[in-house]
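Enquirer: Contents of start_12.tsv (TSV, C-alpha atoms and all ligand atoms):
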```
chain	number	residue	atom	x	y	z
A	1	MET	CA	15.18	7.59	-15.63
A	2	ARG	CA	18.19	7.31	-13.31
A	3	THR	CA	16.65	4.25	-11.66
A	4	ASN	CA	16.44	2.70	-15.14
A	5	ASP	CA	20.20	3.18	-15.54
A	6	GLY	CA	20.65	1.39	-12.24
A	7	LYS	CA	18.38	-1.47	-13.32
A	8	ARG	CA	20.31	-1.93	-16.55
A	9	ALA	CA	23.56	-1.99	-14.58
A	10	LEU	CA	22.06	-4.64	-12.30
A	11	GLU	CA	21.22	-6.87	-15.23
A	12	LYS	CA	24.73	-6.58	-16.62
A	13	GLY	CA	26.33	-7.18	-13.23
A	14	ALA	CA	24.11	-10.16	-12.49
A	15	GLY	CA	25.31	-11.77	-15.73
A	16	GLY	CA	28.95	-11.14	-14.79
A	17	GLU	CA	29.53	-8.43	-17.40
A	18	ARG	CA	31.93	-5.62	-16.59
A	19	LEU	CA	30.23	-2.38	-15.50
A	20	ASN	CA	31.86	0.81	-16.69
A	21	ALA	CA	32.40	3.59	-14.13
A	22	GLU	CA	29.09	5.28	-15.02
A	23	GLU	CA	27.18	2.04	-14.60
A	24	ALA	CA	28.93	1.29	-11.31
A	25	HIS	CA	27.86	4.70	-9.98
A	26	ALA	CA	24.34	4.14	-11.37
A	27	LEU	CA	23.99	1.14	-9.03
A	28	VAL	CA	23.69	3.59	-6.18
A	29	GLN	CA	20.33	4.61	-7.71
A	30	VAL	CA	18.87	1.21	-6.83
A	31	LEU	CA	19.68	1.51	-3.13
A	32	SER	CA	16.24	2.78	-2.18
A	33	PRO	CA	14.15	0.38	-0.08
A	34	ASP	CA	12.00	-0.24	-3.19
A	35	HIS	CA	14.89	-1.74	-5.11
A	36	LEU	CA	17.25	-3.08	-2.47
A	37	HIS	CA	16.10	-6.68	-2.98
A	38	ALA	CA	16.93	-6.41	-6.71
A	39	LEU	CA	20.49	-5.40	-5.83
A	40	GLY	CA	20.84	-8.41	-3.52
A	41	ALA	CA	19.34	-10.74	-6.14
A	42	ALA	CA	21.78	-9.54	-8.82
A	43	ALA	CA	24.80	-10.02	-6.54
A	44	PHE	CA	23.50	-13.47	-5.49
A	45	LYS	CA	23.18	-14.53	-9.12
A	46	ASN	CA	26.70	-13.31	-9.86
A	47	ARG	CA	28.21	-15.18	-6.87
A	48	CYS	CA	26.26	-18.36	-7.70
A	49	ASN	CA	27.60	-18.30	-11.27
A	50	ARG	CA	31.09	-18.20	-9.78
A	51	TYR	CA	30.82	-20.46	-6.77
A	52	GLY	CA	27.39	-22.13	-6.74
A	53	LEU	CA	26.19	-22.45	-3.15
A	54	LYS	CA	29.64	-23.10	-1.69
A	55	ALA	CA	30.80	-20.78	1.07
A	56	THR	CA	34.35	-21.02	2.35
A	57	TYR	CA	36.01	-20.39	5.70
A	58	ILE	CA	39.46	-21.06	7.11
A	59	PHE	CA	40.73	-22.49	10.40
A	60	ASN	CA	42.95	-19.56	11.29
A	61	GLN	CA	44.49	-17.55	14.09
A	62	HIS	CA	44.98	-13.80	14.42
A	63	ILE	CA	48.29	-12.74	15.94
A	64	ASN	CA	48.65	-9.10	17.01
A	65	PRO	CA	52.19	-8.84	18.42
A	66	SER	CA	51.65	-5.40	19.99
A	67	ASN	CA	48.93	-2.77	19.99
A	68	VAL	CA	51.38	0.05	20.67
A	69	CYS	CA	50.92	2.43	17.75
A	70	SER	CA	52.17	5.93	17.04
A	71	LEU	CA	49.70	6.72	14.24
A	72	ALA	CA	46.66	7.39	16.42
A	73	CYS	CA	43.97	6.96	13.74
A	74	ALA	CA	40.79	8.52	15.12
A	75	PHE	CA	38.58	5.51	14.32
A	76	CYS	CA	40.84	2.94	16.01
A	77	ASN	CA	40.36	1.63	19.54
A	78	TYR	CA	42.96	-1.07	19.17
A	79	GLY	CA	46.09	1.08	18.83
A	80	ALA	CA	47.48	2.43	22.14
A	81	ALA	CA	50.12	4.90	23.26
A	82	SER	CA	53.11	3.10	24.79
A	83	ASP	CA	52.21	4.29	28.32
A	84	ALA	CA	48.48	3.48	28.03
A	85	PRO	CA	47.19	1.00	30.63
A	86	HIS	CA	45.97	-1.40	27.92
A	87	ALA	CA	49.22	-1.31	25.88
A	88	TYR	CA	50.74	-4.79	25.48
A	89	SER	CA	53.44	-6.62	23.63
A	90	LEU	CA	53.72	-10.38	23.17
A	91	ASP	CA	57.03	-12.14	22.80
A	92	GLU	CA	58.06	-14.59	20.15
A	93	ALA	CA	58.04	-17.63	22.43
A	94	GLU	CA	54.41	-17.11	23.48
A	95	ILE	CA	53.33	-16.53	19.88
A	96	LEU	CA	55.03	-19.77	18.76
A	97	GLU	CA	53.48	-21.63	21.67
A	98	SER	CA	49.97	-20.40	20.89
A	99	VAL	CA	50.36	-21.52	17.25
A	100	ALA	CA	51.68	-24.91	18.37
A	101	THR	CA	48.64	-25.31	20.63
A	102	LEU	CA	45.98	-24.33	18.08
A	103	GLU	CA	47.60	-25.73	14.89
A	104	PRO	CA	45.79	-23.32	12.54
A	105	SER	CA	46.21	-23.64	8.79
A	106	GLU	CA	46.73	-19.86	8.50
A	107	VAL	CA	48.00	-17.07	10.72
A	108	HIS	CA	47.03	-13.43	10.12
A	109	ILE	CA	49.71	-11.21	11.68
A	110	VAL	CA	49.21	-7.44	12.10
A	111	GLY	CA	50.09	-4.99	14.81
A	112	GLY	CA	50.64	-1.32	15.57
A	113	ILE	CA	53.41	0.93	14.26
A	114	ASN	CA	56.01	0.94	17.03
A	115	ASP	CA	59.68	0.42	17.76
A	116	ILE	CA	59.06	-2.62	19.93
A	117	TRP	CA	58.40	-4.97	17.04
A	118	THR	CA	61.20	-3.71	14.78
A	119	PHE	CA	61.65	-4.96	11.23
A	120	GLU	CA	64.43	-7.31	12.36
A	121	ARG	CA	62.32	-8.78	15.13
A	122	SER	CA	59.26	-9.14	12.87
A	123	LEU	CA	61.37	-10.84	10.22
A	124	GLN	CA	62.73	-13.22	12.84
A	125	LEU	CA	59.18	-14.07	13.91
A	126	ILE	CA	58.25	-15.03	10.34
A	127	GLN	CA	61.41	-17.11	10.05
A	128	SER	CA	60.77	-18.90	13.34
A	129	LEU	CA	57.16	-19.63	12.38
A	130	ARG	CA	58.29	-21.00	9.02
A	131	GLU	CA	60.97	-23.21	10.58
A	132	ARG	CA	58.66	-24.64	13.21
A	133	PHE	CA	55.48	-24.89	11.06
A	134	PRO	CA	56.56	-25.62	7.47
A	135	ASP	CA	52.98	-25.95	6.13
A	136	LEU	CA	51.51	-22.90	7.88
A	137	PHE	CA	50.12	-20.19	5.55
A	138	ILE	CA	51.58	-16.91	6.82
A	139	LYS	CA	49.58	-13.80	5.88
A	140	ALA	CA	51.45	-10.95	7.48
A	141	PHE	CA	51.85	-7.17	7.74
A	142	THR	CA	49.72	-4.51	6.10
A	143	ALA	CA	51.11	-2.01	3.61
A	144	VAL	CA	51.23	0.48	6.52
A	145	GLU	CA	53.59	-1.81	8.45
A	146	VAL	CA	55.67	-2.57	5.34
A	147	ALA	CA	56.09	1.19	4.74
A	148	ALA	CA	57.17	1.65	8.38
A	149	PHE	CA	59.66	-1.25	8.11
A	150	ALA	CA	61.14	0.32	4.97
A	151	ARG	CA	61.48	3.69	6.67
A	152	SER	CA	63.00	2.43	9.91
A	153	SER	CA	65.41	-0.02	8.25
A	154	ARG	CA	66.28	2.43	5.44
A	155	GLN	CA	65.49	-0.14	2.80
A	156	SER	CA	63.26	0.00	-0.25
A	157	ILE	CA	59.75	-1.46	-0.18
A	158	ALA	CA	60.95	-4.12	-2.63
A	159	ASP	CA	63.83	-5.13	-0.33
A	160	VAL	CA	61.52	-5.35	2.70
A	161	LEU	CA	59.04	-7.51	0.77
A	162	ALA	CA	61.85	-9.70	-0.59
A	163	ALA	CA	63.21	-10.27	2.92
A	164	LEU	CA	59.76	-11.12	4.30
A	165	THR	CA	59.13	-13.56	1.46
A	166	ALA	CA	62.54	-15.18	1.92
A	167	ALA	CA	61.75	-15.59	5.63
A	168	GLY	CA	58.53	-17.43	4.81
A	169	MET	CA	55.68	-14.92	4.42
A	170	ASN	CA	53.08	-16.12	1.90
A	171	ALA	CA	50.71	-13.19	1.43
A	172	MET	CA	49.74	-9.77	2.76
A	173	PRO	CA	46.46	-8.84	4.43
A	174	GLY	CA	44.35	-5.97	3.11
A	175	GLY	CA	44.31	-3.62	6.09
A	176	GLY	CA	45.28	0.03	6.13
A	177	ALA	CA	43.45	1.01	2.92
A	178	GLU	CA	40.62	2.60	4.94
A	179	ILE	CA	38.61	4.45	2.29
A	180	PHE	CA	40.61	6.17	-0.43
A	181	ALA	CA	38.63	9.46	-0.25
A	182	ALA	CA	41.22	12.10	0.69
A	183	ARG	CA	38.74	14.21	2.68
A	184	LEU	CA	38.25	11.40	5.21
A	185	ARG	CA	41.96	10.64	5.49
A	186	ALA	CA	42.60	14.32	6.25
A	187	LYS	CA	40.01	14.16	9.01
A	188	TYR	CA	40.66	10.81	10.64
A	189	TRP	CA	43.98	9.14	9.67
A	190	ARG	CA	46.32	11.85	8.47
A	191	ASN	CA	49.40	10.07	9.92
A	192	LYS	CA	48.89	6.96	7.83
A	193	ILE	CA	50.32	6.34	4.34
A	194	SER	CA	48.21	7.83	1.54
A	195	ALA	CA	45.91	5.86	-0.76
A	196	HIS	CA	48.53	6.26	-3.48
A	197	GLU	CA	51.28	4.77	-1.30
A	198	TRP	CA	49.01	1.91	-0.16
A	199	LEU	CA	48.24	1.05	-3.79
A	200	GLU	CA	51.91	1.32	-4.81
A	201	ILE	CA	52.99	-1.13	-2.10
A	202	HIS	CA	50.34	-3.65	-3.14
A	203	GLN	CA	51.32	-3.28	-6.79
A	204	GLN	CA	54.97	-3.81	-5.83
A	205	ALA	CA	53.98	-6.96	-3.92
A	206	HIS	CA	51.97	-8.24	-6.90
A	207	ALA	CA	54.92	-7.60	-9.23
A	208	MET	CA	56.99	-9.85	-6.93
A	209	GLY	CA	54.38	-12.62	-7.00
A	210	ILE	CA	52.98	-11.91	-3.52
A	211	THR	CA	49.18	-12.06	-3.39
A	212	THR	CA	47.39	-9.54	-1.19
A	213	ASN	CA	43.91	-8.64	0.01
A	214	ALA	CA	42.18	-5.26	-0.05
A	215	THR	CA	39.84	-3.72	2.50
A	216	MET	CA	37.51	-0.73	2.68
A	217	LEU	CA	36.53	0.83	6.00
A	218	PHE	CA	33.00	2.25	5.66
A	219	GLY	CA	30.28	3.79	7.79
A	220	ILE	CA	32.40	6.63	9.20
A	221	GLY	CA	30.68	9.43	7.30
A	222	ASP	CA	31.75	8.24	3.84
A	223	ARG	CA	29.34	8.65	0.93
A	224	TRP	CA	28.10	5.99	-1.49
A	225	ASP	CA	29.93	7.62	-4.40
A	226	GLU	CA	33.18	7.42	-2.37
A	227	ARG	CA	32.60	3.72	-1.75
A	228	VAL	CA	32.02	3.08	-5.46
A	229	ALA	CA	35.11	5.17	-6.32
A	230	HIS	CA	37.20	3.11	-3.85
A	231	MET	CA	36.09	-0.11	-5.56
A	232	LEU	CA	36.76	1.29	-9.04
A	233	THR	CA	40.28	2.33	-7.99
A	234	LEU	CA	40.95	-1.21	-6.75
A	235	ARG	CA	39.58	-2.65	-9.99
A	236	GLU	CA	41.93	-0.46	-12.03
A	237	CYS	CA	44.87	-1.43	-9.86
A	238	GLN	CA	43.96	-5.10	-10.21
A	239	ALA	CA	43.80	-4.74	-14.00
A	240	ARG	CA	47.42	-3.58	-13.90
A	241	SER	CA	48.93	-5.91	-11.31
A	242	GLY	CA	46.50	-8.81	-10.83
A	243	GLY	CA	47.48	-9.93	-7.30
A	244	PHE	CA	44.40	-9.08	-5.21
A	245	GLU	CA	42.84	-12.31	-4.00
A	246	CYS	CA	39.99	-11.03	-1.85
A	247	PHE	CA	38.09	-7.84	-1.02
A	248	ILE	CA	36.92	-7.27	2.56
A	249	PRO	CA	34.57	-4.39	3.43
A	250	LEU	CA	35.04	-3.43	7.11
A	251	PRO	CA	31.95	-1.92	8.78
A	252	PHE	CA	33.02	0.81	11.22
A	253	GLN	CA	32.81	-0.19	14.91
A	254	PRO	CA	32.08	2.98	16.87
A	255	GLY	CA	32.78	1.61	20.39
A	256	GLY	CA	33.97	4.43	22.58
A	257	GLY	CA	36.18	6.16	20.00
A	258	ASN	CA	36.44	9.74	18.86
A	259	ILE	CA	33.97	9.50	15.97
A	260	SER	CA	30.33	9.99	16.84
A	261	THR	CA	28.80	7.90	14.04
A	262	ALA	CA	26.73	4.84	14.83
A	263	GLY	CA	28.37	2.70	12.11
A	264	PRO	CA	26.56	1.20	9.14
A	265	SER	CA	23.15	-0.48	9.35
A	266	VAL	CA	22.65	-4.14	8.42
A	267	ALA	CA	21.06	-3.05	5.11
A	268	GLU	CA	24.10	-0.91	4.36
A	269	ILE	CA	26.53	-3.74	5.13
A	270	LEU	CA	24.64	-6.07	2.78
A	271	ALA	CA	24.37	-3.41	0.06
A	272	VAL	CA	28.15	-2.74	0.20
A	273	LEU	CA	28.82	-6.47	-0.25
A	274	ALA	CA	26.43	-6.59	-3.21
A	275	LEU	CA	27.99	-3.53	-4.87
A	276	ALA	CA	31.45	-5.05	-4.38
A	277	ARG	CA	30.43	-8.34	-6.01
A	278	LEU	CA	28.99	-6.50	-9.02
A	279	ILE	CA	31.79	-3.94	-9.45
A	280	LEU	CA	34.90	-5.94	-8.54
A	281	ASP	CA	34.59	-8.47	-11.32
A	282	ASN	CA	38.36	-9.02	-11.42
A	283	ILE	CA	38.93	-9.74	-7.71
A	284	PRO	CA	37.99	-13.38	-7.18
A	285	HIS	CA	36.80	-13.46	-3.58
A	286	LEU	CA	34.56	-11.35	-1.37
A	287	LYS	CA	34.73	-11.78	2.38
A	288	ALA	CA	31.88	-11.13	4.80
A	289	TYR	CA	34.01	-10.38	7.87
A	290	TRP	CA	31.91	-11.62	10.77
A	291	PRO	CA	33.76	-10.01	13.72
A	292	MET	CA	32.79	-6.57	12.40
A	293	ALA	CA	29.56	-7.31	10.46
A	294	GLY	CA	28.10	-9.56	13.18
A	295	LEU	CA	27.91	-13.32	12.66
A	296	GLU	CA	24.33	-13.44	11.37
A	297	THR	CA	24.75	-10.41	9.10
A	298	ALA	CA	27.96	-11.89	7.67
A	299	ALA	CA	26.13	-15.17	7.03
A	300	ALA	CA	23.31	-13.22	5.33
A	301	GLY	CA	26.06	-11.58	3.25
A	302	LEU	CA	26.57	-14.96	1.55
A	303	SER	CA	23.21	-14.29	-0.14
A	304	TRP	CA	24.37	-10.77	-1.08
A	305	GLY	CA	27.48	-11.65	-3.06
A	306	ALA	CA	30.03	-12.85	-0.51
A	307	ASP	CA	31.62	-16.30	-0.91
A	308	ASP	CA	33.87	-16.39	2.17
A	309	MET	CA	33.36	-15.92	5.91
A	310	ASP	CA	37.05	-15.44	6.88
A	311	GLY	CA	37.87	-17.80	9.70
A	312	THR	CA	37.60	-19.17	13.16
A	313	ILE	CA	40.23	-16.56	14.21
A	314	LYS	CA	40.74	-17.76	17.82
A	315	GLU	CA	41.00	-14.27	19.25
A	316	GLU	CA	40.09	-11.11	17.37
A	317	LYS	CA	41.30	-7.80	18.86
A	318	VAL	CA	40.79	-4.86	16.45
A	319	ALA	CA	36.97	-5.08	16.32
A	320	HIS	CA	36.56	-6.20	19.92
A	321	MET	CA	38.58	-3.36	21.39
A	322	ALA	CA	36.20	-1.12	19.41
A	323	GLY	CA	33.18	-2.65	21.11
A	324	ALA	CA	32.17	-5.44	18.69
A	325	ARG	CA	29.80	-7.85	20.43
A	326	THR	CA	30.62	-10.85	18.25
A	327	PRO	CA	32.33	-13.87	19.87
A	328	ILE	CA	36.14	-13.53	20.07
A	329	GLY	CA	36.62	-16.76	18.12
A	330	LEU	CA	34.47	-19.50	16.61
A	331	ALA	CA	34.62	-23.28	16.71
A	332	ARG	CA	34.63	-25.00	13.29
A	333	ARG	CA	31.28	-26.57	14.11
A	334	LYS	CA	29.65	-23.19	14.87
A	335	MET	CA	31.05	-21.72	11.64
A	336	GLU	CA	29.72	-24.64	9.60
A	337	GLU	CA	26.32	-24.56	11.30
A	338	THR	CA	25.99	-20.82	10.66
A	339	ILE	CA	26.88	-21.18	6.98
A	340	SER	CA	24.54	-24.18	6.52
A	341	LEU	CA	21.60	-22.36	8.14
A	342	GLY	CA	21.65	-19.91	5.21
A	343	GLY	CA	21.36	-22.80	2.74
A	344	PHE	CA	25.06	-22.86	1.75
A	345	GLU	CA	27.58	-25.66	1.72
A	346	ALA	CA	30.40	-24.85	4.17
A	347	VAL	CA	33.81	-25.63	2.71
A	348	GLU	CA	36.99	-25.30	4.72
A	349	ARG	CA	39.74	-23.71	2.60
A	350	ASP	CA	43.46	-23.06	2.90
A	351	GLY	CA	45.25	-19.70	2.70
A	352	TRP	CA	45.35	-19.88	-1.10
A	353	PHE	CA	41.52	-20.15	-1.14
A	354	LYS	CA	41.79	-23.81	-2.14
A	355	ARG	CA	39.58	-26.46	-0.61
A	356	GLN	CA	41.32	-28.04	2.35
A	357	GLN	CA	42.00	-31.75	1.94
A	358	GLN	CA	40.64	-33.33	5.10
A	359	ALA	CA	42.06	-30.54	7.25
A	360	ASN	CA	43.53	-31.72	10.52
A	361	GLY	CA	42.38	-35.25	9.96
A	362	ARG	CA	38.72	-34.33	9.39
A	401	LIG	O1	43.35	-1.49	8.84
A	401	LIG	C1	40.42	-0.40	12.82
A	401	LIG	C2	40.23	-1.48	10.52
A	401	LIG	C3	41.74	-2.99	9.83
A	401	LIG	C4	38.33	-0.13	13.24
A	401	LIG	O2	43.20	-9.22	4.75
A	401	LIG	C5	38.45	-0.78	12.01
A	401	LIG	O3	42.17	-11.06	5.23
A	401	LIG	C6	36.17	-0.86	11.80
A	401	LIG	O4	42.41	-5.25	7.70
A	401	LIG	N1	36.00	-0.21	12.97
A	401	LIG	C7	42.43	-4.27	10.26
A	401	LIG	N2	37.39	-1.13	11.29
A	401	LIG	C8	41.57	-5.48	9.90
A	401	LIG	C9	41.85	-5.96	8.50
A	401	LIG	C10	41.46	-7.33	8.10
A	401	LIG	C11	40.54	-8.04	8.84
A	401	LIG	C12	40.22	-9.33	8.43
A	401	LIG	C13	40.80	-9.92	7.34
A	401	LIG	C14	41.73	-9.20	6.61
A	401	LIG	C15	42.42	-9.85	5.46
A	401	LIG	C16	42.06	-7.90	6.97
A	401	LIG	O5	40.68	-2.79	10.71
A	401	LIG	C17	42.51	-1.71	9.91
A	401	LIG	C18	41.38	-0.70	9.90
A	401	LIG	O6	41.00	-0.42	8.59
A	401	LIG	N3	39.75	-0.90	11.77
A	401	LIG	N4	39.56	0.08	13.73
A	401	LIG	C19	37.04	0.17	13.73
A	401	LIG	N5	36.82	0.80	14.89
A	402	LIG	FE1	47.61	2.13	14.48
A	402	LIG	FE2	46.38	0.60	12.65
A	402	LIG	FE3	45.01	1.55	14.74
A	402	LIG	FE4	45.81	3.26	12.85
A	402	LIG	S1	44.35	1.56	12.57
A	402	LIG	S2	46.01	3.56	15.10
A	402	LIG	S3	47.77	2.33	12.22
A	402	LIG	S4	46.72	0.10	14.84
```
Re-express the file's structure as structure tokens.
Expert:
Amino acid sequence: MRTNDGKRALEKGAGGERLNAEEAHALVQVLSPDHLHALGAAAFKNRCNRYGLKATYIFNQHINPSNVCSLACAFCNYGAASDAPHAYSLDEAEILESVATLEPSEVHIVGGINDIWTFERSLQLIQSLRERFPDLFIKAFTAVEVAAFARSSRQSIADVLAALTAAGMNAMPGGGAEIFAARLRAKYWRNKISAHEWLEIHQQAHAMGITTNATMLFGIGDRWDERVAHMLTLRECQARSGGFECFIPLPFQPGGGNISTAGPSVAEILAVLALARLILDNIPHLKAYWPMAGLETAAAGLSWGADDMDGTIKEEKVAHMAGARTPIGLARRKMEETISLGGFEAVERDGWFKRQQQANGR
């Protein structure tokens, strides 16, 4: 009986119809090995109706100005105390030089919560990048960083966002959402802004015309109903403010941290992507984030609802400091080969998710 509810929800989702909350939760009933392929098939149909067999990626660069972080989230191996041997801080000149060398079409800038990279200094970095690279798409600072900037500079969230935009920031990444379930926050990231605050900051950004992404950390002891609830909360938020461009599920990387969970299985990673495609009908894009999912699993995710593989990245730190065994960056050719092997057409995009016109002379 309950499986039948799940099957009906699959049919609706496959056809692109909105699932109500009950139907979204009923999808969890089809997660048994007997029905898993039907979940994947429904998400594949939905993504093909939207994007055909195109799969996008971007030629981008991650910039993590400093890993020094005072929040000490239990799942994070990237953040470091200021006196830790692996603590580091880059300076503006070396960041600008690395961008000049690589010439990415997008930079993704996030770091720890610290008083090394103050709001003023971070703002100056955005301004310098904009002056030197007028066409660069600058995706910068999670809601957690924006909240810290507002606190330390005694300004409102709106003023911080306005200053960042005026300096040249184009969009915000989706980090810091973790999973909205309060019981997990209380256990593992109690120093971080709450789900409510994270959502408020994104809604404020959307109201100011800034597009943002949204993430969900999973595989740290969270339940399926909490994953579905996280997605439904994002869908409601999107119905109000409309600025989420892309959803990115982040599979937990256990590497050497304080949480003794193995992280999600490949089947779980694919099932989360499929659920997201079927539930988040109002968020256009779904990213299979290869540094955390694994390159082959992320590519398989294109057949389970995802339409984007993120980017070439150059040097990823958050997943790799947590033990991810994926390469630290990818060449365009490797990205395109991987996408094509799954039967998809690789399309290089820009930061606005638009097809890149002969990027970098190609
Ligand atoms: O907020 C930290 C997560 C996030 C671990 O918006 C971990 O385009 C798994 O948000 N295992 C940062 N996850 C990464 C992020 C992101 C990545 C790619 C694209 C975009 C985008 C955003 O990484 C953090 C936290 O949720 N994280 N440690 C870990 N051990
Ligand atoms: Fe700091 Fe972000 Fe790591 Fe939490 S997840 S410890 S806020 S760097």
Enquirer: Might you pull out every residue within 8 Å of Leu302 in chain A, with all atoms listed in the file counted and same-chain residues fewer than 6 positions away left off, and present them as a PDB file with C-alpha atoms, in the frame of the given file?
Expert:
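The file below, result.pdb, is the result:
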```pdb
ATOM      1  CA  PHE A  44      23.500 -13.470  -5.490  1.00  0.00           C
ATOM      2  CA  ALA A  55      30.800 -20.780   1.070  1.00  0.00           C
ATOM      3  CA  ALA A 288      31.880 -11.130   4.800  1.00  0.00           C
ATOM      4  CA  ASP A 308      33.870 -16.390   2.170  1.00  0.00           C
ATOM      5  CA  GLY A 342      21.650 -19.910   5.210  1.00  0.00           C
TER       6      GLY A 342
END
```
Enquirer: Excluding Pro251 in chain A and residues on its chain fewer than 3 positions from it, collect all residues at most 10 Å away from it, counting only C-alpha atoms, and give them as number ranges by chain.
Expert: A: 216-220, 248, 254, 263-266, 268-269, 272, 289-294, 319
Enquirer: So, counting all atoms listed in the file, which residue among A:Gly255, A:Gly112, A:Gly301, A:Gly343 is closest to Ala276 in chain A?
Expert: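 Between A:Gly255, A:Gly112, A:Gly301, A:Gly343, the residue approaching Ala276 in chain A most closely is A:Gly301.
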Enquirer: Every residue with an atom at most 12 Å from (32.4, -0.3, -17.4) (file coordinates; only C-alpha atoms) is what I'm after, so could you write them as a ChimeraX atom specification?
Expert: /A:9,12-13,16-27,232,235-236,278-281
Enquirer: With only C-alpha atoms and all ligand atoms counted, collect every polymer residue having an atom within 10 Å of ligand LIG 402 (chain A); state the result as a ChimeraX atom specification.
Expert: /A:64,66-81,110-114,142,144-145,175-178,188-193,318
Enquirer: Atom O1 of ligand LIG 401 (chain A) and CA of Leu270 in chain A, how far apart in Å?
Expert: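 Taking CA of Leu270 in chain A and atom O1 of ligand LIG 401 (chain A), their separation equals 20.2 Å.
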Enquirer: Taking all atoms listed in the file into account, name the residue in A:Pro284, A:Gly40, A:Gly174, A:Pro65 that is nearest to ligand LIG 401 (chain A).
Expert: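 Of A:Pro284, A:Gly40, A:Gly174, A:Pro65, the one nearest ligand LIG 401 (chain A), counting all atoms listed in the file, is A:Gly174.
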Enquirer: Find, counting all atoms listed in the file, the residue in A:Lys354, A:His35, A:Arg50, A:Lys7 that gets nearest to Ile283 in chain A.
Expert: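 Using all atoms listed in the file, the shortest distance to Ile283 in chain A belongs to A:Arg50.
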Enquirer: For a quick check of understanding, using all atoms listed in the file, which of A:Ala274, A:Ala43, A:Ala262, A:Leu102 has the smallest distance to ligand LIG 401 (chain A)?
Expert: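 Looking at the shortest contact to ligand LIG 401 (chain A), the residue is A:Ala262.
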Enquirer: Which of these residues is nearest to ligand LIG 401 (chain A), using only C-alpha atoms and all ligand atoms: A:Asn282, A:Asn4, A:Ser241, A:Thr211?
Expert: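 That would be A:Thr211, the residue with the smallest distance to ligand LIG 401 (chain A).
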Enquirer: Could you name the residues that touch Leu123 in chain A at 7 Å or less, counting all atoms listed in the file, but leaving out those on the same chain fewer than 3 positions away, as a list of chain:residue names?
Expert: A:Phe119, A:Glu120, A:Ile126, A:Gln127, A:Leu164, A:Ala167
Enquirer: From the block I gave, I'd like range 264-268 of chain A written with all heavy atoms, as a JSON list (two decimals), in the first residue's frame.
Expert:
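Output below, filename decode_39.json:
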```json
[["chain", "number", "residue", "atom", "x", "y", "z"],
["A", 264, "PRO", "N", 27.90, 8.26, 3.01],
["A", 264, "PRO", "CA", 26.86, 7.57, 2.25],
["A", 264, "PRO", "C", 27.42, 6.62, 1.19],
["A", 264, "PRO", "O", 28.51, 6.85, 0.66],
["A", 264, "PRO", "CB", 26.09, 8.72, 1.59],
["A", 264, "PRO", "CG", 27.06, 9.85, 1.52],
["A", 264, "PRO", "CD", 28.00, 9.69, 2.67],
["A", 265, "SER", "N", 26.65, 5.57, 0.88],
["A", 265, "SER", "CA", 27.03, 4.64, -0.17],
["A", 265, "SER", "C", 26.74, 5.28, -1.53],
["A", 265, "SER", "O", 26.04, 6.30, -1.62],
["A", 265, "SER", "CB", 26.22, 3.35, -0.05],
["A", 265, "SER", "OG", 24.86, 3.65, -0.31],
["A", 266, "VAL", "N", 27.27, 4.64, -2.59],
["A", 266, "VAL", "CA", 27.01, 5.14, -3.94],
["A", 266, "VAL", "C", 25.50, 5.15, -4.21],
["A", 266, "VAL", "O", 24.96, 6.13, -4.75],
["A", 266, "VAL", "CB", 27.75, 4.26, -4.98],
["A", 266, "VAL", "CG1", 27.28, 4.56, -6.39],
["A", 266, "VAL", "CG2", 29.25, 4.45, -4.87],
["A", 267, "ALA", "N", 24.81, 4.08, -3.80],
["A", 267, "ALA", "CA", 23.36, 4.01, -4.05],
["A", 267, "ALA", "C", 22.65, 5.17, -3.35],
["A", 267, "ALA", "O", 21.72, 5.77, -3.89],
["A", 267, "ALA", "CB", 22.81, 2.67, -3.56],
["A", 268, "GLU", "N", 23.11, 5.49, -2.16],
["A", 268, "GLU", "CA", 22.49, 6.59, -1.40],
["A", 268, "GLU", "C", 22.74, 7.95, -2.08],
["A", 268, "GLU", "O", 21.84, 8.79, -2.14],
["A", 268, "GLU", "CB", 23.13, 6.63, -0.01],
["A", 268, "GLU", "CG", 22.15, 6.61, 1.12],
["A", 268, "GLU", "CD", 22.88, 6.54, 2.45],
["A", 268, "GLU", "OE1", 23.91, 5.83, 2.55],
["A", 268, "GLU", "OE2", 22.42, 7.20, 3.38]]
```
